[in-house]
2 protein chains.
Amino acid sequence: MTYQNTQEILTALVDPTRRDIFESLGPEARAVSDLAKGRPISRPAVSQHLKVLEDAGLARSERRGTRNLYAMRPEGLAELRTYLDRFWSDVLASYAEEVSKQQGQTHDND
Amino acid sequence: MTYQNTQEILTALVDPTRRDIFESLGPEARAVSDLAKGRPISRPAVSQHLKVLEDAGLARSERRGTRNLYAMRPEGLAELRTYLDRFWSDVLASYAEEVSKQQGQTHDND
DNA sequence: ACTTACCGTAAGTTATGACTTACCAAAACA
DNA sequence: TGTTTTGGTAAGTCATAACTTACGGTAAGT
């Protein structure tokens, strides 16, 4: 299981329905039917979304009897956060460098 | 222009090709043809990707003659970062509360 | 003026993923 | 035992989005 893949995390979060399900998860595990209740989609659809979330590392499941309980796994967001931070530091530093380099000048390539 | 929408940012970043284009942008603006060079897709495809990135607030463009120059806009990542941070603080705090509530029990994460 | 370079957009194709219903397996309960 | 509850999976439908080629429009070069 290759946990913590940026592509998988983004794919998991980009769908509004699935993101909503993710947001509705908490530290206490909840059953699939419970999570499906009150939603405009079927229980199998919710089940499919939960599988995607789990594969992405954003949720974990524990079976209790016939029930399958899902909980949020916020640590799963770590890699995406790191990905974003890379640009914050990288590019903002690069920006500062560029600005000081370009002071009073215009340059173009070709 | 409704800048800074989480859905748009996620949509913009989830496509690997578009994310790669985003990552190839820097503080110095580059022309579309230049960005398309060396990629396995056509120039119009790159142009379409850049439009999505710009609409999401992740890139900015400036015209110079017939050329359209694109640069990264890292500030555009702010809202997504805030979105993620919400879960870090929210849920981790909630976790701490749960943990202290469940003290004396066995917990097995990771 | 003609030609070239650069780029956005329209239209059409195709792959993918988000749903549905139907089905099956396993555990709880009578 | 039979029945109910719970939930994963298979199969099929449908919408969308990532590409392609074709085209038009504008600025620069000759």
# chains A, B, ... in the order shown; residues from 1 in each chain; ligands from 1
call {"tool": "closest_atom_pairs", "arguments": {"of": "segment 20-73 of chain B", "to": "segment 6-26 of chain D", "cutoff": "12 Å", "atoms": "only C-alpha atoms (C1' of nucleotides)", "output": "Markdown table"}}
result
| residue | atom | partner | partner_atom | distance |
| --- | --- | --- | --- | --- |
| B:Pro40 | CA | D:DC19 | C1' | 11.0 |
| B:Ile41 | CA | D:DC19 | C1' | 8.0 |
| B:Ser42 | CA | D:DT20 | C1' | 8.2 |
| B:Arg43 | CA | D:DT20 | C1' | 10.8 |
| B:Pro44 | CA | D:DT20 | C1' | 9.3 |
| B:Ala45 | CA | D:DC19 | C1' | 6.9 |
| B:Val46 | CA | D:DC19 | C1' | 10.3 |
| B:Gln48 | CA | D:DA18 | C1' | 9.5 |
| B:His49 | CA | D:DA18 | C1' | 9.3 |
| B:Val52 | CA | D:DA17 | C1' | 11.6 |
| B:Arg63 | CA | D:DT26 | C1' | 11.7 |
| B:Arg64 | CA | D:DT26 | C1' | 11.6 |
| B:Gly65 | CA | D:DT26 | C1' | 8.6 |
| B:Thr66 | CA | D:DT26 | C1' | 6.7 |
| B:Arg67 | CA | D:DT26 | C1' | 10.2 |
call {"tool": "write_last_selection", "arguments": {"atoms": "N, CA, C and O atoms", "output": "PDB file, in the first residue's frame"}}
result
ATOM      1  N   PRO B  40       4.432  16.306 -24.538  1.00  0.00           N
ATOM      2  CA  PRO B  40       3.825  15.366 -25.485  1.00  0.00           C
ATOM      3  C   PRO B  40       2.448  15.809 -25.966  1.00  0.00           C
ATOM      4  O   PRO B  40       1.792  15.072 -26.697  1.00  0.00           O
ATOM      5  N   ILE B  41       2.002  16.971 -25.555  1.00  0.00           N
ATOM      6  CA  ILE B  41       0.688  17.450 -25.980  1.00  0.00           C
ATOM      7  C   ILE B  41       0.827  18.698 -26.836  1.00  0.00           C
ATOM      8  O   ILE B  41       1.877  19.342 -26.859  1.00  0.00           O
ATOM      9  N   SER B  42      -0.251  19.026 -27.530  1.00  0.00           N
ATOM     10  CA  SER B  42      -0.224  20.153 -28.466  1.00  0.00           C
ATOM     11  C   SER B  42      -0.221  21.501 -27.749  1.00  0.00           C
ATOM     12  O   SER B  42      -0.548  21.575 -26.565  1.00  0.00           O
ATOM     13  N   ARG B  43       0.115  22.548 -28.479  1.00  0.00           N
ATOM     14  CA  ARG B  43       0.116  23.893 -27.912  1.00  0.00           C
ATOM     15  C   ARG B  43      -1.269  24.328 -27.454  1.00  0.00           C
ATOM     16  O   ARG B  43      -1.406  24.868 -26.336  1.00  0.00           O
ATOM     17  N   PRO B  44      -2.328  24.092 -28.251  1.00  0.00           N
ATOM     18  CA  PRO B  44      -3.657  24.461 -27.762  1.00  0.00           C
ATOM     19  C   PRO B  44      -4.015  23.782 -26.437  1.00  0.00           C
ATOM     20  O   PRO B  44      -4.670  24.411 -25.591  1.00  0.00           O
ATOM     21  N   ALA B  45      -3.592  22.559 -26.281  1.00  0.00           N
ATOM     22  CA  ALA B  45      -3.871  21.867 -25.017  1.00  0.00           C
ATOM     23  C   ALA B  45      -3.212  22.601 -23.855  1.00  0.00           C
ATOM     24  O   ALA B  45      -3.837  22.813 -22.808  1.00  0.00           O
ATOM     25  N   VAL B  46      -1.980  23.019 -24.066  1.00  0.00           N
ATOM     26  CA  VAL B  46      -1.269  23.776 -23.029  1.00  0.00           C
ATOM     27  C   VAL B  46      -1.989  25.085 -22.758  1.00  0.00           C
ATOM     28  O   VAL B  46      -2.158  25.494 -21.605  1.00  0.00           O
ATOM     29  N   GLN B  48      -5.133  25.697 -23.111  1.00  0.00           N
ATOM     30  CA  GLN B  48      -6.349  25.412 -22.341  1.00  0.00           C
ATOM     31  C   GLN B  48      -6.032  25.178 -20.871  1.00  0.00           C
ATOM     32  O   GLN B  48      -6.748  25.648 -19.982  1.00  0.00           O
ATOM     33  N   HIS B  49      -4.955  24.470 -20.617  1.00  0.00           N
ATOM     34  CA  HIS B  49      -4.549  24.228 -19.231  1.00  0.00           C
ATOM     35  C   HIS B  49      -4.211  25.535 -18.519  1.00  0.00           C
ATOM     36  O   HIS B  49      -4.595  25.752 -17.367  1.00  0.00           O
ATOM     37  N   VAL B  52      -7.258  27.380 -17.384  1.00  0.00           N
ATOM     38  CA  VAL B  52      -7.824  26.810 -16.152  1.00  0.00           C
ATOM     39  C   VAL B  52      -7.023  27.266 -14.932  1.00  0.00           C
ATOM     40  O   VAL B  52      -7.595  27.661 -13.906  1.00  0.00           O
ATOM     41  N   ARG B  63       0.297  40.068 -21.748  1.00  0.00           N
ATOM     42  CA  ARG B  63       0.548  40.009 -23.178  1.00  0.00           C
ATOM     43  C   ARG B  63       1.713  40.912 -23.520  1.00  0.00           C
ATOM     44  O   ARG B  63       1.827  42.047 -23.028  1.00  0.00           O
ATOM     45  N   ARG B  64       2.571  40.412 -24.399  1.00  0.00           N
ATOM     46  CA  ARG B  64       3.644  41.250 -24.918  1.00  0.00           C
ATOM     47  C   ARG B  64       3.730  40.971 -26.408  1.00  0.00           C
ATOM     48  O   ARG B  64       4.248  39.939 -26.827  1.00  0.00           O
ATOM     49  N   GLY B  65       3.180  41.889 -27.167  1.00  0.00           N
ATOM     50  CA  GLY B  65       3.092  41.672 -28.605  1.00  0.00           C
ATOM     51  C   GLY B  65       2.099  40.573 -28.886  1.00  0.00           C
ATOM     52  O   GLY B  65       0.995  40.568 -28.345  1.00  0.00           O
ATOM     53  N   THR B  66       2.504  39.618 -29.716  1.00  0.00           N
ATOM     54  CA  THR B  66       1.609  38.498 -30.003  1.00  0.00           C
ATOM     55  C   THR B  66       1.762  37.414 -28.950  1.00  0.00           C
ATOM     56  O   THR B  66       1.014  36.445 -28.937  1.00  0.00           O
ATOM     57  N   ARG B  67       2.721  37.597 -28.099  1.00  0.00           N
ATOM     58  CA  ARG B  67       2.991  36.552 -27.121  1.00  0.00           C
ATOM     59  C   ARG B  67       2.199  36.752 -25.843  1.00  0.00           C
ATOM     60  O   ARG B  67       1.902  37.881 -25.449  1.00  0.00           O
TER      61      ARG B  67
END
call {"tool": "interface_residues", "arguments": {"of": "chain B", "to": "chain A", "cutoff": "7 Å", "atoms": "only C-alpha atoms", "output": "VMD selection string"}}
result
chain B and resid 7 10 to 11 14 27 74 81 87 to 88 95
call {"tool": "closest_residue", "arguments": {"among": "B:Leu53, B:Arg86, B:Leu58, B:Ala36", "to": "chain C", "atoms": "only C-alpha atoms (C1' of nucleotides)"}}
result
B:Ala36
call {"tool": "atom_distance", "arguments": {"atom1": "atom CA of Glu79 of chain B", "atom2": "atom CA of Glu62 of chain B"}}
result
23.5 Å
call {"tool": "closest_residue", "arguments": {"among": "B:Gly76, B:Leu69, B:Gly38, B:Glu54", "to": "chain C", "atoms": "only C-alpha atoms (C1' of nucleotides)"}}
result
B:Leu69
call {"tool": "interface_residues", "arguments": {"of": "chain C", "to": "chain B", "cutoff": "9 Å", "atoms": "only C-alpha atoms (C1' of nucleotides)", "output": "ChimeraX atom specification"}}
result
/C:5-8
call {"tool": "write_last_selection", "arguments": {"atoms": "N, CA and C atoms (P, O5', C5', C4', C3', O3' and C1' of nucleotides)", "output": "short mmCIF file (atom, residue, chain, number, x, y, z; two decimals), in the first residue's frame"}}
result
data_model
loop_
_atom_site.label_atom_id
_atom_site.label_comp_id
_atom_site.auth_asym_id
_atom_site.auth_seq_id
_atom_site.Cartn_x
_atom_site.Cartn_y
_atom_site.Cartn_z
P DA C 5 8.02 31.47 -39.06
"O5'" DA C 5 7.47 32.15 -37.71
"C5'" DA C 5 8.04 33.39 -37.28
"C4'" DA C 5 7.33 33.86 -36.02
"C3'" DA C 5 7.01 32.76 -35.01
"O3'" DA C 5 7.30 33.24 -33.71
"C1'" DA C 5 5.01 33.88 -35.62
P DC C 6 7.26 32.23 -32.47
"O5'" DC C 6 5.87 32.58 -31.77
"C5'" DC C 6 5.59 33.92 -31.36
"C4'" DC C 6 4.16 34.03 -30.93
"C3'" DC C 6 3.69 32.87 -30.04
"O3'" DC C 6 3.35 33.36 -28.76
"C1'" DC C 6 2.09 33.40 -31.72
P DC C 7 2.96 32.36 -27.62
"O5'" DC C 7 1.37 32.37 -27.72
"C5'" DC C 7 0.68 33.62 -27.69
"C4'" DC C 7 -0.79 33.40 -27.98
"C3'" DC C 7 -1.43 32.25 -27.21
"O3'" DC C 7 -2.54 32.77 -26.50
"C1'" DC C 7 -2.04 32.20 -29.49
P DG C 8 -3.10 32.03 -25.21
"O5'" DG C 8 -4.68 32.16 -25.43
"C5'" DG C 8 -5.23 33.43 -25.76
"C4'" DG C 8 -6.47 33.26 -26.61
"C3'" DG C 8 -7.51 32.29 -26.03
"O3'" DG C 8 -8.78 32.92 -26.00
"C1'" DG C 8 -6.99 31.71 -28.28
#
